[in-house]
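File shown: query-v3.txt. Contents: compact mmCIF, N, CA and C atoms.
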# COMPACT_ATOMS: atom_id res chain seq x y z
N MET A 25 9.75 -9.09 5.44
CA MET A 25 8.45 -9.27 4.82
C MET A 25 7.38 -8.95 5.87
N ILE A 26 6.42 -8.17 5.43
CA ILE A 26 5.27 -7.83 6.27
C ILE A 26 4.06 -8.57 5.72
N GLU A 27 3.25 -9.13 6.60
CA GLU A 27 2.00 -9.77 6.18
C GLU A 27 0.83 -8.99 6.76
N VAL A 28 -0.18 -8.78 5.92
CA VAL A 28 -1.36 -8.03 6.33
C VAL A 28 -2.59 -8.87 6.05
N ARG A 29 -3.51 -8.90 6.99
CA ARG A 29 -4.82 -9.53 6.82
C ARG A 29 -5.83 -8.40 6.67
N THR A 30 -6.68 -8.50 5.65
CA THR A 30 -7.70 -7.47 5.45
C THR A 30 -9.08 -8.06 5.65
N SER A 31 -10.03 -7.19 5.98
CA SER A 31 -11.38 -7.67 6.28
C SER A 31 -12.46 -7.04 5.40
N ASN A 32 -12.07 -6.17 4.47
CA ASN A 32 -13.04 -5.53 3.57
C ASN A 32 -12.53 -5.59 2.14
N ARG A 33 -13.43 -5.37 1.18
CA ARG A 33 -13.01 -5.36 -0.23
C ARG A 33 -12.00 -4.26 -0.47
N THR A 34 -12.28 -3.06 0.01
CA THR A 34 -11.31 -1.97 -0.05
C THR A 34 -11.00 -1.55 1.37
N GLU A 35 -9.72 -1.38 1.64
CA GLU A 35 -9.30 -1.07 3.00
C GLU A 35 -7.90 -0.46 2.95
N VAL A 36 -7.67 0.54 3.77
CA VAL A 36 -6.35 1.15 3.87
C VAL A 36 -5.77 0.78 5.23
N VAL A 37 -4.55 0.24 5.20
CA VAL A 37 -3.89 -0.20 6.42
C VAL A 37 -2.59 0.59 6.57
N ASP A 38 -2.43 1.26 7.68
CA ASP A 38 -1.21 2.00 7.98
C ASP A 38 -0.15 0.98 8.42
N ILE A 39 0.89 0.82 7.60
CA ILE A 39 1.95 -0.15 7.92
C ILE A 39 3.26 0.54 8.32
N THR A 40 3.18 1.82 8.66
CA THR A 40 4.39 2.58 8.98
C THR A 40 5.20 1.92 10.09
N SER A 41 4.56 1.51 11.17
CA SER A 41 5.31 0.93 12.29
C SER A 41 5.96 -0.40 11.92
N GLN A 42 5.28 -1.20 11.08
CA GLN A 42 5.88 -2.46 10.65
C GLN A 42 7.08 -2.21 9.74
N VAL A 43 6.98 -1.21 8.85
CA VAL A 43 8.11 -0.87 7.99
C VAL A 43 9.27 -0.37 8.84
N GLN A 44 8.97 0.48 9.83
CA GLN A 44 10.03 0.98 10.71
C GLN A 44 10.71 -0.17 11.44
N GLU A 45 9.96 -1.18 11.83
CA GLU A 45 10.56 -2.34 12.49
C GLU A 45 11.50 -3.08 11.54
N GLU A 46 11.14 -3.20 10.27
CA GLU A 46 12.02 -3.83 9.29
C GLU A 46 13.31 -3.01 9.11
N VAL A 47 13.18 -1.69 9.14
CA VAL A 47 14.36 -0.83 9.06
C VAL A 47 15.24 -1.06 10.28
N ARG A 48 14.64 -1.11 11.45
CA ARG A 48 15.41 -1.34 12.68
C ARG A 48 16.17 -2.66 12.61
N LYS A 49 15.47 -3.72 12.19
CA LYS A 49 16.09 -5.05 12.10
C LYS A 49 17.23 -5.09 11.08
N SER A 50 17.16 -4.23 10.05
CA SER A 50 18.21 -4.23 9.02
C SER A 50 19.53 -3.68 9.54
N GLY A 51 19.47 -2.84 10.55
CA GLY A 51 20.68 -2.22 11.07
C GLY A 51 21.21 -1.07 10.23
N VAL A 52 20.52 -0.73 9.16
CA VAL A 52 20.96 0.37 8.29
C VAL A 52 20.68 1.70 8.98
N ARG A 53 21.69 2.56 9.03
CA ARG A 53 21.55 3.87 9.65
C ARG A 53 21.13 4.93 8.64
N ASP A 54 21.71 4.88 7.44
CA ASP A 54 21.38 5.84 6.39
C ASP A 54 21.25 5.10 5.07
N GLY A 55 20.13 5.31 4.41
CA GLY A 55 19.91 4.61 3.16
C GLY A 55 18.50 4.82 2.63
N LEU A 56 17.98 3.77 2.02
CA LEU A 56 16.65 3.81 1.43
C LEU A 56 15.87 2.57 1.84
N ALA A 57 14.60 2.75 2.15
CA ALA A 57 13.69 1.63 2.37
C ALA A 57 12.79 1.54 1.14
N ILE A 58 12.84 0.41 0.48
CA ILE A 58 12.00 0.15 -0.69
C ILE A 58 10.88 -0.76 -0.22
N ILE A 59 9.65 -0.32 -0.39
CA ILE A 59 8.49 -1.07 0.07
C ILE A 59 7.67 -1.44 -1.15
N TYR A 60 7.38 -2.74 -1.31
CA TYR A 60 6.78 -3.26 -2.55
C TYR A 60 5.71 -4.29 -2.22
N THR A 61 4.53 -4.14 -2.82
CA THR A 61 3.48 -5.13 -2.64
C THR A 61 3.57 -6.18 -3.73
N ARG A 62 3.39 -7.44 -3.35
CA ARG A 62 3.53 -8.56 -4.28
C ARG A 62 2.21 -8.96 -4.93
N HIS A 63 1.22 -8.09 -4.89
CA HIS A 63 -0.11 -8.45 -5.39
C HIS A 63 -0.60 -7.42 -6.41
N THR A 64 -1.31 -7.89 -7.42
CA THR A 64 -1.77 -7.01 -8.50
C THR A 64 -3.07 -6.29 -8.20
N THR A 65 -3.67 -6.58 -7.05
CA THR A 65 -4.89 -5.86 -6.66
C THR A 65 -4.70 -5.17 -5.31
N THR A 66 -3.46 -4.77 -5.04
CA THR A 66 -3.17 -3.95 -3.87
C THR A 66 -2.26 -2.81 -4.32
N ALA A 67 -2.11 -1.82 -3.46
CA ALA A 67 -1.28 -0.67 -3.80
C ALA A 67 -0.60 -0.14 -2.55
N LEU A 68 0.38 0.71 -2.77
CA LEU A 68 1.08 1.39 -1.68
C LEU A 68 1.17 2.87 -2.01
N THR A 69 1.07 3.69 -0.99
CA THR A 69 1.27 5.12 -1.17
C THR A 69 1.76 5.71 0.15
N ILE A 70 2.22 6.93 0.08
CA ILE A 70 2.59 7.68 1.28
C ILE A 70 1.67 8.89 1.32
N ASN A 71 0.95 9.02 2.43
CA ASN A 71 0.07 10.15 2.60
C ASN A 71 -0.38 10.21 4.04
N GLU A 72 -1.25 11.12 4.33
CA GLU A 72 -1.81 11.26 5.67
C GLU A 72 -2.79 10.12 5.92
N GLY A 73 -2.81 9.60 7.12
CA GLY A 73 -3.70 8.49 7.45
C GLY A 73 -5.00 8.93 8.09
N GLU A 74 -5.41 10.14 7.88
CA GLU A 74 -6.63 10.67 8.50
C GLU A 74 -7.87 9.98 7.90
N LYS A 75 -8.78 9.55 8.76
CA LYS A 75 -9.94 8.76 8.37
C LYS A 75 -10.76 9.39 7.25
N GLY A 76 -11.06 10.66 7.35
CA GLY A 76 -11.84 11.34 6.32
C GLY A 76 -11.15 11.33 4.96
N LEU A 77 -9.85 11.56 4.95
CA LEU A 77 -9.09 11.54 3.71
C LEU A 77 -9.13 10.15 3.08
N LEU A 78 -8.99 9.13 3.90
CA LEU A 78 -9.00 7.76 3.39
C LEU A 78 -10.38 7.40 2.82
N GLU A 79 -11.43 7.88 3.45
CA GLU A 79 -12.78 7.67 2.90
C GLU A 79 -12.94 8.44 1.60
N ASP A 80 -12.39 9.65 1.53
CA ASP A 80 -12.43 10.42 0.28
C ASP A 80 -11.70 9.67 -0.84
N LEU A 81 -10.55 9.08 -0.52
CA LEU A 81 -9.80 8.31 -1.51
C LEU A 81 -10.66 7.18 -2.07
N GLU A 82 -11.32 6.45 -1.20
CA GLU A 82 -12.18 5.36 -1.65
C GLU A 82 -13.32 5.87 -2.53
N ASP A 83 -13.93 6.98 -2.15
CA ASP A 83 -15.02 7.57 -2.95
C ASP A 83 -14.52 7.99 -4.34
N VAL A 84 -13.37 8.64 -4.39
CA VAL A 84 -12.84 9.11 -5.67
C VAL A 84 -12.50 7.91 -6.57
N MET A 85 -11.85 6.90 -6.00
CA MET A 85 -11.51 5.72 -6.80
C MET A 85 -12.78 5.03 -7.32
N SER A 86 -13.83 5.00 -6.54
CA SER A 86 -15.10 4.39 -6.98
C SER A 86 -15.70 5.15 -8.16
N ARG A 87 -15.53 6.47 -8.15
CA ARG A 87 -16.05 7.27 -9.26
C ARG A 87 -15.16 7.16 -10.49
N LEU A 88 -13.85 7.17 -10.28
CA LEU A 88 -12.91 7.08 -11.41
C LEU A 88 -12.94 5.71 -12.08
N VAL A 89 -12.98 4.68 -11.26
CA VAL A 89 -12.94 3.29 -11.77
C VAL A 89 -14.08 2.52 -11.09
N PRO A 90 -15.30 2.66 -11.60
CA PRO A 90 -16.43 2.00 -10.95
C PRO A 90 -16.37 0.47 -11.09
N ARG A 91 -16.95 -0.20 -10.13
CA ARG A 91 -17.04 -1.66 -10.16
C ARG A 91 -18.12 -2.08 -11.17
N ASN A 92 -17.92 -3.22 -11.80
CA ASN A 92 -18.91 -3.80 -12.73
C ASN A 92 -19.28 -2.84 -13.86
N ALA A 93 -18.27 -2.23 -14.46
CA ALA A 93 -18.52 -1.26 -15.54
C ALA A 93 -18.31 -1.87 -16.92
N GLY A 94 -18.38 -3.20 -17.01
CA GLY A 94 -18.25 -3.84 -18.31
C GLY A 94 -16.83 -4.10 -18.75
N TYR A 95 -15.89 -4.19 -17.81
CA TYR A 95 -14.50 -4.45 -18.14
C TYR A 95 -14.35 -5.88 -18.67
N ARG A 96 -13.51 -6.05 -19.67
CA ARG A 96 -13.29 -7.37 -20.26
C ARG A 96 -12.72 -8.36 -19.24
N HIS A 97 -11.85 -7.92 -18.35
CA HIS A 97 -11.24 -8.82 -17.36
C HIS A 97 -12.28 -9.37 -16.38
N ASP A 98 -13.40 -8.70 -16.20
CA ASP A 98 -14.42 -9.17 -15.25
C ASP A 98 -14.98 -10.53 -15.63
N ILE A 99 -14.89 -10.90 -16.88
CA ILE A 99 -15.35 -12.23 -17.30
C ILE A 99 -14.57 -13.31 -16.56
N MET A 100 -13.28 -13.03 -16.28
CA MET A 100 -12.43 -14.02 -15.61
C MET A 100 -12.71 -14.10 -14.11
N ASP A 101 -12.62 -12.97 -13.40
CA ASP A 101 -12.78 -13.04 -11.94
C ASP A 101 -13.40 -11.79 -11.32
N ASN A 102 -14.07 -11.00 -12.09
CA ASN A 102 -14.87 -9.88 -11.60
C ASN A 102 -14.12 -8.92 -10.68
N ASN A 103 -12.87 -8.63 -11.03
CA ASN A 103 -12.11 -7.68 -10.21
C ASN A 103 -11.25 -6.72 -11.03
N ALA A 104 -11.68 -6.45 -12.26
CA ALA A 104 -10.91 -5.55 -13.12
C ALA A 104 -10.73 -4.19 -12.47
N ASP A 105 -11.76 -3.70 -11.79
CA ASP A 105 -11.64 -2.40 -11.13
C ASP A 105 -10.50 -2.39 -10.13
N SER A 106 -10.31 -3.48 -9.42
CA SER A 106 -9.22 -3.57 -8.44
C SER A 106 -7.86 -3.49 -9.11
N HIS A 107 -7.69 -4.17 -10.22
CA HIS A 107 -6.43 -4.12 -10.95
C HIS A 107 -6.15 -2.71 -11.48
N ILE A 108 -7.16 -2.09 -12.06
CA ILE A 108 -6.99 -0.75 -12.64
C ILE A 108 -6.67 0.27 -11.55
N ARG A 109 -7.36 0.19 -10.42
CA ARG A 109 -7.08 1.10 -9.30
C ARG A 109 -5.65 0.91 -8.81
N ALA A 110 -5.20 -0.33 -8.72
CA ALA A 110 -3.83 -0.61 -8.28
C ALA A 110 -2.81 0.00 -9.24
N ILE A 111 -3.10 -0.10 -10.54
CA ILE A 111 -2.19 0.49 -11.53
C ILE A 111 -2.11 2.00 -11.34
N LEU A 112 -3.24 2.64 -11.08
CA LEU A 112 -3.27 4.10 -10.92
C LEU A 112 -2.52 4.56 -9.66
N ILE A 113 -2.62 3.79 -8.58
CA ILE A 113 -1.99 4.20 -7.32
C ILE A 113 -0.51 3.80 -7.30
N GLY A 114 -0.20 2.59 -7.72
CA GLY A 114 1.19 2.13 -7.75
C GLY A 114 1.45 1.02 -6.76
N ASN A 115 2.52 0.26 -7.01
CA ASN A 115 2.79 -0.91 -6.17
C ASN A 115 4.02 -0.79 -5.29
N SER A 116 4.65 0.38 -5.26
CA SER A 116 5.83 0.53 -4.41
C SER A 116 6.04 1.99 -4.01
N VAL A 117 6.79 2.14 -2.92
CA VAL A 117 7.22 3.47 -2.47
C VAL A 117 8.65 3.34 -1.97
N VAL A 118 9.36 4.45 -1.99
CA VAL A 118 10.73 4.50 -1.47
C VAL A 118 10.78 5.61 -0.43
N VAL A 119 11.36 5.28 0.73
CA VAL A 119 11.46 6.25 1.81
C VAL A 119 12.92 6.36 2.25
N PRO A 120 13.45 7.58 2.36
CA PRO A 120 14.81 7.72 2.89
C PRO A 120 14.87 7.22 4.34
N VAL A 121 16.02 6.68 4.71
CA VAL A 121 16.28 6.27 6.08
C VAL A 121 17.41 7.15 6.60
N THR A 122 17.18 7.82 7.71
CA THR A 122 18.16 8.71 8.32
C THR A 122 18.29 8.36 9.79
N ASP A 123 19.50 8.10 10.23
CA ASP A 123 19.76 7.72 11.63
C ASP A 123 18.90 6.53 12.06
N GLY A 124 18.71 5.58 11.15
CA GLY A 124 17.97 4.36 11.48
C GLY A 124 16.47 4.50 11.53
N ARG A 125 15.95 5.64 11.05
CA ARG A 125 14.50 5.89 11.10
C ARG A 125 13.99 6.28 9.72
N LEU A 126 12.72 5.93 9.45
CA LEU A 126 12.09 6.40 8.23
C LEU A 126 12.04 7.91 8.27
N ASP A 127 12.48 8.56 7.22
CA ASP A 127 12.54 10.01 7.17
C ASP A 127 11.27 10.55 6.51
N LEU A 128 10.17 10.43 7.25
CA LEU A 128 8.85 10.86 6.78
C LEU A 128 8.51 12.24 7.31
N GLY A 129 7.67 12.95 6.58
CA GLY A 129 7.17 14.24 7.05
C GLY A 129 6.20 14.06 8.21
N THR A 130 5.83 15.15 8.82
CA THR A 130 5.00 15.14 10.03
C THR A 130 3.75 14.29 9.89
N TRP A 131 3.04 14.41 8.80
CA TRP A 131 1.76 13.70 8.64
C TRP A 131 1.87 12.48 7.74
N GLN A 132 3.04 12.22 7.21
CA GLN A 132 3.18 11.12 6.25
C GLN A 132 3.18 9.76 6.93
N ARG A 133 2.45 8.83 6.29
CA ARG A 133 2.38 7.45 6.73
C ARG A 133 2.55 6.55 5.51
N VAL A 134 3.06 5.35 5.72
CA VAL A 134 3.13 4.36 4.65
C VAL A 134 1.81 3.59 4.69
N LEU A 135 1.06 3.68 3.59
CA LEU A 135 -0.28 3.11 3.55
C LEU A 135 -0.36 1.97 2.54
N PHE A 136 -0.82 0.81 3.01
CA PHE A 136 -1.10 -0.34 2.16
C PHE A 136 -2.58 -0.29 1.82
N ILE A 137 -2.91 -0.45 0.55
CA ILE A 137 -4.30 -0.32 0.13
C ILE A 137 -4.77 -1.64 -0.48
N GLU A 138 -5.72 -2.27 0.20
CA GLU A 138 -6.37 -3.47 -0.30
C GLU A 138 -7.48 -3.05 -1.25
N LEU A 139 -7.52 -3.67 -2.42
CA LEU A 139 -8.52 -3.30 -3.42
C LEU A 139 -9.40 -4.47 -3.85
N ASP A 140 -9.11 -5.67 -3.32
CA ASP A 140 -9.86 -6.87 -3.72
C ASP A 140 -9.94 -7.86 -2.55
N GLY A 141 -10.32 -7.36 -1.41
CA GLY A 141 -10.37 -8.21 -0.23
C GLY A 141 -11.77 -8.75 0.02
N PRO A 142 -11.93 -9.31 1.18
CA PRO A 142 -10.92 -9.52 2.21
C PRO A 142 -9.96 -10.66 1.85
N ARG A 143 -8.75 -10.55 2.38
CA ARG A 143 -7.72 -11.56 2.14
C ARG A 143 -7.02 -11.91 3.45
N SER A 144 -6.67 -13.16 3.60
CA SER A 144 -6.06 -13.62 4.85
C SER A 144 -4.56 -13.32 4.92
N SER A 145 -3.90 -13.16 3.79
CA SER A 145 -2.46 -12.90 3.84
C SER A 145 -2.00 -12.14 2.61
N ARG A 146 -1.71 -10.88 2.81
CA ARG A 146 -1.11 -10.04 1.77
C ARG A 146 0.34 -9.80 2.18
N LYS A 147 1.25 -9.92 1.23
CA LYS A 147 2.67 -9.81 1.54
C LYS A 147 3.27 -8.53 0.97
N ILE A 148 4.02 -7.85 1.82
CA ILE A 148 4.71 -6.62 1.43
C ILE A 148 6.20 -6.83 1.70
N VAL A 149 7.01 -6.63 0.67
CA VAL A 149 8.46 -6.78 0.78
C VAL A 149 9.06 -5.44 1.18
N VAL A 150 9.98 -5.49 2.13
CA VAL A 150 10.73 -4.28 2.53
C VAL A 150 12.21 -4.60 2.38
N LYS A 151 12.88 -3.84 1.53
CA LYS A 151 14.33 -3.95 1.35
C LYS A 151 14.96 -2.64 1.80
N VAL A 152 15.93 -2.74 2.67
CA VAL A 152 16.61 -1.55 3.17
C VAL A 152 18.04 -1.58 2.65
N ILE A 153 18.41 -0.52 1.96
CA ILE A 153 19.71 -0.45 1.30
C ILE A 153 20.52 0.69 1.93
N ALA A 154 21.72 0.39 2.36
CA ALA A 154 22.58 1.43 2.92
C ALA A 154 23.21 2.24 1.80
N ILE A 155 23.34 3.55 2.03
CA ILE A 155 24.03 4.40 1.06
C ILE A 155 25.07 5.25 1.78
For the file at hand, write its structure as structure tokens.
Amino acid sequence: MIEVRTSNRTEVVDITSQVQEEVRKSGVRDGLAIIYTRHTTTALTINEGEKGLLEDLEDVMSRLVPRNAGYRHDIMDNNADSHIRAILIGNSVVVPVTDGRLDLGTWQRVLFIELDGPRSSRKIVVKVIAI
């Protein structure tokens, strides 16, 4: 289990090294790493961690799913946009494990996306399965 603390409402956190550590601790040499967020207002993706791209992602999501746009769920806790964005991005990723390492491309990173922060403890489950 990985725990992440966030400091902004929307924030992208590169968790690649923490996931790799979970793979190392598992002892699995060849298999799959399943990475899953346990929260409905967070997401996971694999992509480049370049600052400009991450800012572009936030801008696009703000245009696609604007905050305070009259969503019915906002009556409850004013975060419907966060839930909808999380649904669009997804809550899990799967990465092959080869020779005990995440088998990622040159620029690929495992990115945790906070959509309703800041939060003191977000939990990400990592299961490593040998094949």
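Our summary of the geometry notes that atom C of A:Asp54 is positioned 28.5 Å from atom N of A:Arg29.
Using all atoms listed in the file, the shortest contact distance between A:Leu68 and any of A:Thr130, A:Val119, A:Phe136, A:Val89 is found at A:Phe136.
Using all atoms listed in the file for every distance, the candidate list A:Glu46, A:Leu81, A:Thr65, A:Gly73 yields A:Thr65 as the residue closest to A:Ile108.
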With only C-alpha atoms as the counted atoms, please give the residues lying no more than 9 Å from A:Thr64, apart from itself and same-chain residues fewer than 2 positions off, as a PyMOL selection string.
chain A and resi 61-62+66-67+106-107+110-111+115
Determine, counting all atoms listed in the file, which protein, DNA and RNA residues have an atom within 8 Å of an atom of A:Leu78; residues of the same chain fewer than 6 positions away are not included. Present the result as a list in words.
Val36, Glu72 and Val84 of chain A
Could you give me, as a JSON list (two decimals) with N, CA and C atoms, in the coordinates of the input, the residues within 7 Å of A:Val28, counting all atoms listed in the file and dropping anything in the same chain fewer than 6 positions from it?
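Final file, selection-v9.json:
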[["chain", "number", "residue", "atom", "x", "y", "z"],
["A", 143, "ARG", "N", -8.75, -10.55, 2.38],
["A", 143, "ARG", "CA", -7.72, -11.56, 2.14],
["A", 143, "ARG", "C", -7.02, -11.91, 3.45],
["A", 144, "SER", "N", -6.67, -13.16, 3.60],
["A", 144, "SER", "CA", -6.06, -13.62, 4.85],
["A", 144, "SER", "C", -4.56, -13.32, 4.92],
["A", 145, "SER", "N", -3.90, -13.16, 3.79],
["A", 145, "SER", "CA", -2.46, -12.90, 3.84],
["A", 145, "SER", "C", -2.00, -12.14, 2.61],
["A", 146, "ARG", "N", -1.71, -10.88, 2.81],
["A", 146, "ARG", "CA", -1.11, -10.04, 1.77],
["A", 146, "ARG", "C", 0.34, -9.80, 2.18],
["A", 147, "LYS", "N", 1.25, -9.92, 1.23],
["A", 147, "LYS", "CA", 2.67, -9.81, 1.54],
["A", 147, "LYS", "C", 3.27, -8.53, 0.97],
["A", 148, "ILE", "N", 4.02, -7.85, 1.82],
["A", 148, "ILE", "CA", 4.71, -6.62, 1.43],
["A", 148, "ILE", "C", 6.20, -6.83, 1.70]]
Box for stretch 51-64 of chain A: with edges along x, y and z, all listed atoms inside and 6 Å added on each side, what are the centre and edge lengths in Å to one decimal, as AutoDock Vina command-line options?
--center_x 9.3 --center_y -1.6 --center_z 1.3 --size_x 36.8 --size_y 26.8 --size_z 31.6
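The space between atom N of A:Ser116 and atom N of A:Thr69 spans 6.5 Å.
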Give me stretch 71-132 of chain A from this structure - C-alpha atoms, as a short mmCIF file (atom, residue, chain, number, x, y, z; two decimals), in the first residue's frame.
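Result file follows (part36.cif):
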data_model
loop_
_atom_site.label_atom_id
_atom_site.label_comp_id
_atom_site.auth_asym_id
_atom_site.auth_seq_id
_atom_site.Cartn_x
_atom_site.Cartn_y
_atom_site.Cartn_z
CA ASN A 71 2.05 8.96 -19.18
CA GLU A 72 4.95 11.37 -19.34
CA GLY A 73 5.53 13.36 -16.15
CA GLU A 74 6.65 16.54 -17.92
CA LYS A 75 5.42 19.68 -16.11
CA GLY A 76 3.90 21.36 -19.16
CA LEU A 77 1.96 18.25 -20.14
CA LEU A 78 0.59 17.91 -16.61
CA GLU A 79 -0.52 21.54 -16.64
CA ASP A 80 -2.16 20.93 -20.04
CA LEU A 81 -4.01 17.94 -18.56
CA GLU A 82 -5.38 20.10 -15.76
CA ASP A 83 -6.46 22.81 -18.24
CA VAL A 84 -8.22 20.32 -20.51
CA MET A 85 -10.02 18.65 -17.61
CA SER A 86 -11.18 22.08 -16.37
CA ARG A 87 -12.67 22.82 -19.78
CA LEU A 88 -14.22 19.36 -20.25
CA VAL A 89 -15.64 19.14 -16.73
CA PRO A 90 -15.83 22.63 -15.23
CA ARG A 91 -16.24 23.16 -11.49
CA ASN A 92 -19.58 24.48 -10.18
CA ALA A 93 -21.44 23.79 -13.43
CA GLY A 94 -24.75 22.94 -11.78
CA TYR A 95 -24.13 19.23 -11.17
CA ARG A 96 -26.76 17.55 -9.00
CA HIS A 97 -24.10 15.91 -6.79
CA ASP A 98 -22.75 19.36 -5.82
CA ILE A 99 -25.72 19.78 -3.47
CA MET A 100 -24.14 17.08 -1.29
CA ASP A 101 -20.46 18.06 -1.15
CA ASN A 102 -19.58 20.35 -4.06
CA ASN A 103 -17.17 17.97 -5.78
CA ALA A 104 -19.11 16.43 -8.67
CA ASP A 105 -16.46 17.64 -11.11
CA SER A 106 -13.85 15.62 -9.21
CA HIS A 107 -15.91 12.44 -9.43
CA ILE A 108 -16.62 12.91 -13.14
CA ARG A 109 -12.96 13.63 -13.94
CA ALA A 110 -11.94 10.50 -12.03
CA ILE A 111 -14.42 8.42 -14.04
CA LEU A 112 -12.99 9.78 -17.31
CA ILE A 113 -9.35 9.09 -16.37
CA GLY A 114 -9.82 5.78 -14.53
CA ASN A 115 -8.93 4.29 -11.17
CA SER A 116 -6.34 1.65 -12.05
CA VAL A 117 -3.44 0.75 -14.30
CA VAL A 118 -1.61 -2.50 -15.03
CA VAL A 119 2.11 -2.60 -15.75
CA PRO A 120 4.11 -5.65 -16.86
CA VAL A 121 6.96 -6.68 -14.55
CA THR A 122 10.07 -8.04 -16.25
CA ASP A 123 13.18 -9.14 -14.34
CA GLY A 124 11.78 -7.59 -11.16
CA ARG A 125 11.28 -4.14 -12.71
CA LEU A 126 8.31 -2.19 -14.02
CA ASP A 127 8.42 -2.61 -17.79
CA LEU A 128 7.67 1.01 -18.69
CA GLY A 129 8.62 2.89 -21.84
CA THR A 130 11.32 5.56 -21.82
CA TRP A 131 9.06 8.45 -20.83
CA GLN A 132 6.30 6.53 -19.06
#
